[in-house]
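Colleague: Below you will find the structure I want to go over with you.
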Number of protein chains: 2
Amino acid sequence: MNAAVPGILRARAALSRLIEPSDTMGQALVTAVGPEHAARIASGEEPPGEAVRRRVSSLLDESGIRAPGRALAEALERWRPRAAGLAPDRDLATAVRFGGTLLVPEYHGWPEALYDLGLGMPFCLWARGGAAVPAAPHCIAVVGSRDATAYGLAITGDLAAGLAQRGRTVISGGAYGIDAQAHRSALAVADRDGPEPGEPLRTIAVLAGGVDRFYPAGNEDLLRAVADRGLVLSEVPPGSAPTRWRFLQRNRLIAALSAATVVVEARWRSGALNTAHHAAGLGRGVGAVPGPVYSANSAGCHRLLRDGSAVCVTDASEILELADPIGLSHAASPGDTQPETGDHQRADHDGLAVEDILLLDALPLRSGAVVEKLAVVAGLGVPAVRAGLARLELEGLARRSRAGLWQRAAR
Amino acid sequence: MNAAVPGILRARAALSRLIEPSDTMGQALVTAVGPEHAARIASGEEPPGEAVRRRVSSLLDESGIRAPGRALAEALERWRPRAAGLAPDRDLATAVRFGGTLLVPEYHGWPEALYDLGLGMPFCLWARGGAAVPAAPHCIAVVGSRDATAYGLAITGDLAAGLAQRGRTVISGGAYGIDAQAHRSALAVADRDGPEPGEPLRTIAVLAGGVDRFYPAGNEDLLRAVADRGLVLSEVPPGSAPTRWRFLQRNRLIAALSAATVVVEARWRSGALNTAHHAAGLGRGVGAVPGPVYSANSAGCHRLLRDGSAVCVTDASEILELADPIGLSHAASPGDTQPETGDHQRADHDGLAVEDILLLDALPLRSGAVVEKLAVVAGLGVPAVRAGLARLELEGLARRSRAGLWQRAAR
């Protein structure tokens with residue numbers, strides 16, 4: 001044992017080695033007796049005792065988790081086999097060697113947002129990269145399929161760049177496809193802006209395995225760049241394999257760390273939907289990017305939209321609105337989102353009363369008409385036509401020729 | 001006057017000539033005194049009298065429409081200019097000449113669904129084509145932009161054909177783009193099936209102008225085919241121009257006649273959104289088809305999805321679900337919608353308990369492992385591993401070699 005390592009760090013490092021993510025019995029034990037005592041119990045150094053058992057049981061009760069009487073004993077059985085290989089000091093030394101650190105709830109830098117996970121909160125976060133995790137309101141998860149289409153990659157690039165440009169941190173996994181593109185695009189914004197002091201953190205990758213090895217191998221350079229310029233996080237210690245279970249649990253961290261989770265492309269059954277459901281369960285915003293209905297890679301997004309789990313988002317402003325629904329930051333306006341279409345020009349009849357629309361419809365474009373004719377065509381009384389023509393003339397929509405005939409004017 | 005024409009038909013034909021669509025004062029008058037008396041008042045043949053004024057005023061009150069004391073007098077002023085040209089017998093003769101008829105609430109064939117419009121109900125429907133209007137549960141409105149993209153036309157074709165094949169009637173306007181494609185595609189189903197007795201009505205066009213002239217001219221052949229095989233409807237009499245106001249009001253008829261309205265493509269500001277809002281206001285289903293976020297022609301659909309006015313729909317089954325939310329007809333299943341993707345194959349871990357997923361993750365694909373090793377890797381107790389291996393073996397997911405080592409098996 002290295003006496004220089006604080007007991008809390010060592011205990012939490014050990015717990016993260018002994019106990020699989022989202023094992024609520026483990027977090028209940030930590031809550032009941034603190035991390036150091038919990039680590040001794042989990043590793044079999046010390047028996048739990050009846051008082052601990054009761055406290056754990058009532059904590060689980062409070063969280064609405066049904067645990068049979070033998071639940072703690074069974075937990076100890078599943079944790080104990082790993083106790084033999086336990087070496088938290090070595091794991092911590094490995095993290096330091098990779099320029100990383102261990103984030104724990106007791107010390108500064110722990111993301112408060114993770115408390116929302118309740119007994120599903122991780123014991124610690126193994127971090128690679130020097131930056132601090134920004135508070136959840138500044139973070140947006142951008143997730144999606146590995147087998148992304150060109151469309152998915154393009155929109156991911158636009159969204160992640162848009163978010164990074166607005167000072168938000170993009171959070172994603174480390175997979176090929178959408179995840180990789182999100183990091184790449186956020187890093188490109190960082191590169192363009194150059195390394196300024198106080199530069200906001202552009203991107204965080206949350207891995208299912210240890211931060212010592214970047215998985216998949218093809219993303220090694222990218223994840224290294226994320227660690228250099230951003231942050232790579234994991235709740236499992238160095239050397240841990242990225243198993244299916246850990247992938248599924250990793251998704252809850254991505255969701256919890258972010259104010260909103262956006263699914264860019266996902267097939268009907270996709271891990272990205274799992275992240276979205278975690279986000280919804282945590283009361284975070286959930287967005288889905290629509291795509292062509294013929295694209296199987298958008299089927300999962302449409303599924304989220306269809307069942308009401310997600311809000312339709314098409315650009316970075318709409319995502320910010322999702323993360324900040326009461327509009328403390330930028331409110332999206334149609335003009336922002338589609339400035340190029342010209343679809344937003346004020347139509348001639350905007351804001352006109354019904355009678356004036358009828359009258360405008362009746363006004364000839366060329367030639368001209370007398371008031372009585374306009375009354376017949378518009379289906380209005382003569383006085384109403386007179387009053388309406390005056391209003392339309394003021395609006396620049398009608399004009400009278402010298403012969404006293406009325407016609408439309410282009411506004 | 002042609003004595004052979006029943007008074008009710010003549011009166012309603014006259015009202016549809018004198019009064020613009022959605023003039024609630026007109027429908028209030030008809031409700032108060034009946035169509036024949038109302039027509040005499042509207043045309044100025046007879047003064048309304050104080051009792052009529054009071055009844056109309058209280059009807060408007062009941063409908064929550066604020067009408068000032070002079071409201072009826074003002075209405076008479078705007079209706080009277082058209083009285084001079086009134087010729088309901090001629091209009092009815094024109095309709096008959098075009099193989100049409102006049103639908104009125106008093107006679108068989110009036111679509112009951114229009115009563116949902118309250119005082120916005122039309123006085124009558126000028127119909128061209130011999131078929132009856134099916135009840136709303138059988139009708140689906142498919143609407144969208146004139147300037148449709150290839151994507152919009154393709155999906156409109158698929159949706160309208162899918163609906164027609166399932167015996168539904170597609171209702172739309174008469175415009176280029178999405179409207180025309182919806183009719184074309186529904187008619188193609190009718191053509192393929194041939195003219196059978198009892199053939200369901202495949203398509204209805206609701207026009208903003210009179211049914212005597214097909215507008216726009218480029219759709220004349222198509223609308224003629226709709227009249228031949230389906231039905232062309234309008235609430236304004238023959239000879240009426242399709243004004244902007246009538247387009248907007250026509251949209252409420254499309255919405256009211258249909259169990260659900262689906263917007264396939266619409267720009268940020270589009271008449272199709274107006275139809276969708278009418279449908280929502282009437283408690284009808286509203287669907288929007290998603291598309292690429294880079295397409296300005298999908299911006300209106302995404303807007304509907306985003307503000308929650310519409311449900312995301314991607315195929316005909318999902319539209320039927322929208323029209324029949326409690327599932328009396330077809331329920332969409334993922335297998336129906338995406339049969340070709342292979343995305344719906346049962347994943348290996350479907351339905352497995354958490355412990356079994358952990359264990360499956362731990363099982364080596366080649367070589368093999370002893371139970372104690374699996375306990376360490378999976379983070380499970382030895383008894384749990386033994387029990388889990390038995391379950392996975394039964395499921396065909398694990399197998400034991402003769403040497404007693406465990407490995408994964410392909411299910």
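Naming works like this for the structure tokens: A, B, ... for the chains as they're shown, residue 1 at the start of each chain, ligands 1 onward in shown order.
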Using only C-alpha atoms, which residues of chain A come within 7 Å of chain B, and what is the closest atom pair for each, with the distance in Å to one decimal? Give it as a tab-separated table, sorted by chain and residue number.

Modeller:
```
residue	atom	partner	partner_atom	distance
A:Leu18	CA	B:Gly379	CA	7.0
A:Ile19	CA	B:Gly379	CA	6.5
A:Glu20	CA	B:Gly379	CA	6.4
A:Glu77	CA	B:Gly381	CA	4.4
A:Arg78	CA	B:Gly381	CA	3.4
A:Trp79	CA	B:Gly379	CA	5.9
A:Pro81	CA	B:Val376	CA	5.1
A:Arg82	CA	B:Val376	CA	4.9
A:Thr243	CA	B:Asp361	CA	5.8
A:Arg244	CA	B:Asp361	CA	6.2
A:Trp245	CA	B:Leu358	CA	6.1
A:Arg267	CA	B:Asp343	CA	6.9
A:Trp268	CA	B:Asp343	CA	6.3
A:Arg269	CA	B:Asp343	CA	6.4
A:Pro290	CA	B:Pro290	CA	5.6
A:Gly291	CA	B:Pro292	CA	4.4
A:Pro292	CA	B:Gly291	CA	4.4
A:Val293	CA	B:Thr314	CA	5.6
A:Ala296	CA	B:Thr341	CA	6.5
A:His302	CA	B:Cys312	CA	6.5
A:Leu305	CA	B:Cys312	CA	5.9
A:Arg306	CA	B:Cys312	CA	4.7
A:Val311	CA	B:Arg306	CA	5.6
A:Cys312	CA	B:Arg306	CA	4.7
A:Val313	CA	B:Arg306	CA	7.0
A:Thr314	CA	B:Val293	CA	5.6
A:Thr341	CA	B:Ala296	CA	6.5
A:Asp343	CA	B:Trp268	CA	6.3
A:His344	CA	B:Arg269	CA	6.8
A:Ile357	CA	B:Trp245	CA	6.6
A:Leu358	CA	B:Trp245	CA	6.1
A:Asp361	CA	B:Thr243	CA	5.8
A:Ala375	CA	B:Pro81	CA	6.1
A:Val376	CA	B:Arg82	CA	5.0
A:Gly379	CA	B:Arg78	CA	5.6
A:Leu380	CA	B:Arg78	CA	3.6
A:Gly381	CA	B:Arg78	CA	3.5
```

Colleague: Can you pull out the residues contacting Gly7 of chain A? Cut-off 8 Å, using only C-alpha atoms, and skip same-chain residues under 3 positions away; I want them as a compact mmCIF listing (two decimals) with N, CA, C and O atoms, in the first residue's frame.

Modeller:
```
# COMPACT_ATOMS: atom_id res chain seq x y z
N ARG A 10 -8.15 5.30 -2.76
CA ARG A 10 -7.82 3.89 -2.84
C ARG A 10 -9.09 3.03 -2.73
O ARG A 10 -9.30 2.09 -3.47
N ALA A 11 -9.98 3.44 -1.81
CA ALA A 11 -11.21 2.67 -1.58
C ALA A 11 -12.11 2.71 -2.82
O ALA A 11 -12.63 1.69 -3.27
N GLU A 36 -14.55 3.71 2.40
CA GLU A 36 -13.43 2.89 2.92
C GLU A 36 -13.95 1.62 3.59
O GLU A 36 -13.47 0.52 3.32
```

Colleague: How many Å separate atom CA of Asp191 of chain B from atom CA of Gly218 of chain B?

Modeller: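 Straight-line distance from atom CA of Asp191 of chain B to atom CA of Gly218 of chain B works out to 21.2 Å.
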
Colleague: Give the helix (DSSP H, G or I) residues of segment 151-180 of chain B, as assigned by DSSP on the backbone, as a ChimeraX atom specification.

Modeller: /B:151-165,178-180

Colleague: Save the residues we just selected, N, CA and C atoms, as a CSV table (one decimal), in the first residue's frame?

Modeller:
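And here is the file that came out, part_37.csv:
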```csv
chain,number,residue,atom,x,y,z
B,151,TYR,N,-37.8,13.1,-53.2
B,151,TYR,CA,-38.1,12.3,-52.0
B,151,TYR,C,-39.5,12.4,-51.6
B,152,GLY,N,-40.0,13.7,-51.6
B,152,GLY,CA,-41.4,13.9,-51.2
B,152,GLY,C,-42.4,13.2,-52.1
B,153,LEU,N,-42.1,13.2,-53.4
B,153,LEU,CA,-43.0,12.5,-54.3
B,153,LEU,C,-43.0,11.0,-54.2
B,154,ALA,N,-41.8,10.5,-53.9
B,154,ALA,CA,-41.6,9.0,-53.7
B,154,ALA,C,-42.4,8.6,-52.5
B,155,ILE,N,-42.2,9.3,-51.4
B,155,ILE,CA,-42.9,8.8,-50.2
B,155,ILE,C,-44.4,9.0,-50.3
B,156,THR,N,-44.8,10.1,-50.9
B,156,THR,CA,-46.2,10.3,-51.1
B,156,THR,C,-46.8,9.2,-51.9
B,157,GLY,N,-46.1,8.8,-53.0
B,157,GLY,CA,-46.6,7.6,-53.8
B,157,GLY,C,-46.7,6.4,-52.9
B,158,ASP,N,-45.7,6.1,-52.1
B,158,ASP,CA,-45.8,4.9,-51.3
B,158,ASP,C,-46.9,5.0,-50.3
B,159,LEU,N,-47.1,6.1,-49.6
B,159,LEU,CA,-48.1,6.2,-48.6
B,159,LEU,C,-49.5,6.2,-49.2
B,160,ALA,N,-49.7,6.9,-50.3
B,160,ALA,CA,-51.1,6.9,-50.9
B,160,ALA,C,-51.4,5.6,-51.4
B,161,ALA,N,-50.4,4.9,-52.1
B,161,ALA,CA,-50.7,3.6,-52.6
B,161,ALA,C,-51.0,2.6,-51.4
B,162,GLY,N,-50.2,2.7,-50.4
B,162,GLY,CA,-50.4,1.8,-49.2
B,162,GLY,C,-51.8,2.0,-48.6
B,163,LEU,N,-52.2,3.3,-48.5
B,163,LEU,CA,-53.5,3.6,-48.0
B,163,LEU,C,-54.7,3.0,-48.9
B,164,ALA,N,-54.5,3.3,-50.2
B,164,ALA,CA,-55.5,2.8,-51.1
B,164,ALA,C,-55.6,1.3,-51.1
B,165,GLN,N,-54.4,0.7,-51.1
B,165,GLN,CA,-54.4,-0.8,-51.1
B,165,GLN,C,-55.1,-1.3,-49.8
B,178,ILE,N,-47.2,17.4,-54.0
B,178,ILE,CA,-47.7,16.3,-53.1
B,178,ILE,C,-49.2,15.9,-53.4
B,179,ASP,N,-50.0,17.0,-53.5
B,179,ASP,CA,-51.5,16.7,-53.7
B,179,ASP,C,-51.6,15.8,-55.0
B,180,ALA,N,-51.1,16.3,-56.1
B,180,ALA,CA,-51.2,15.5,-57.4
B,180,ALA,C,-50.7,14.1,-57.2
```

Colleague: Please report the interatomic distance between atom CA of Gly120 of chain B and atom CA of Ala276 of chain B in Å with one decimal.

Modeller: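 Spanning atom CA of Gly120 of chain B to atom CA of Ala276 of chain B is a straight-line distance of 16.6 Å.
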
Colleague: Quick one: residues within 8 Å of Gln249 of chain A, only C-alpha atoms counted, chain neighbours fewer than 6 positions away excluded, as a PDB file with C-alpha atoms, in the first residue's frame?

Modeller:
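Output below, filename result31.pdb:
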```
ATOM      1  CA  PRO A  21     -21.309  -0.661 -13.019  1.00  0.00           C
ATOM      2  CA  SER A  22     -24.900  -0.069 -11.854  1.00  0.00           C
ATOM      3  CA  ALA A 208     -17.047   1.404 -21.616  1.00  0.00           C
TER       4      ALA A 208
END
```

Colleague: With a distance cut-off of 7 Å and only C-alpha atoms, select the neighbouring residues of Ser145 of chain B, excluding the residue or stretch itself and same-chain residues fewer than 3 positions from it, and output the selection as a list in words.

Modeller: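 Final neighbour list, sorted by chain and number: Ala148, Gly177, Ile178, Glu265, Ala266, Ser270 and Ala272 of chain B.
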
Colleague: Give me, please, the distance in Å between atom CA of Ser317 of chain B and atom CA of Gly283 of chain B, quoted to one decimal.

Modeller: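 Atom CA of Gly283 of chain B lies 20.0 Å from atom CA of Ser317 of chain B.
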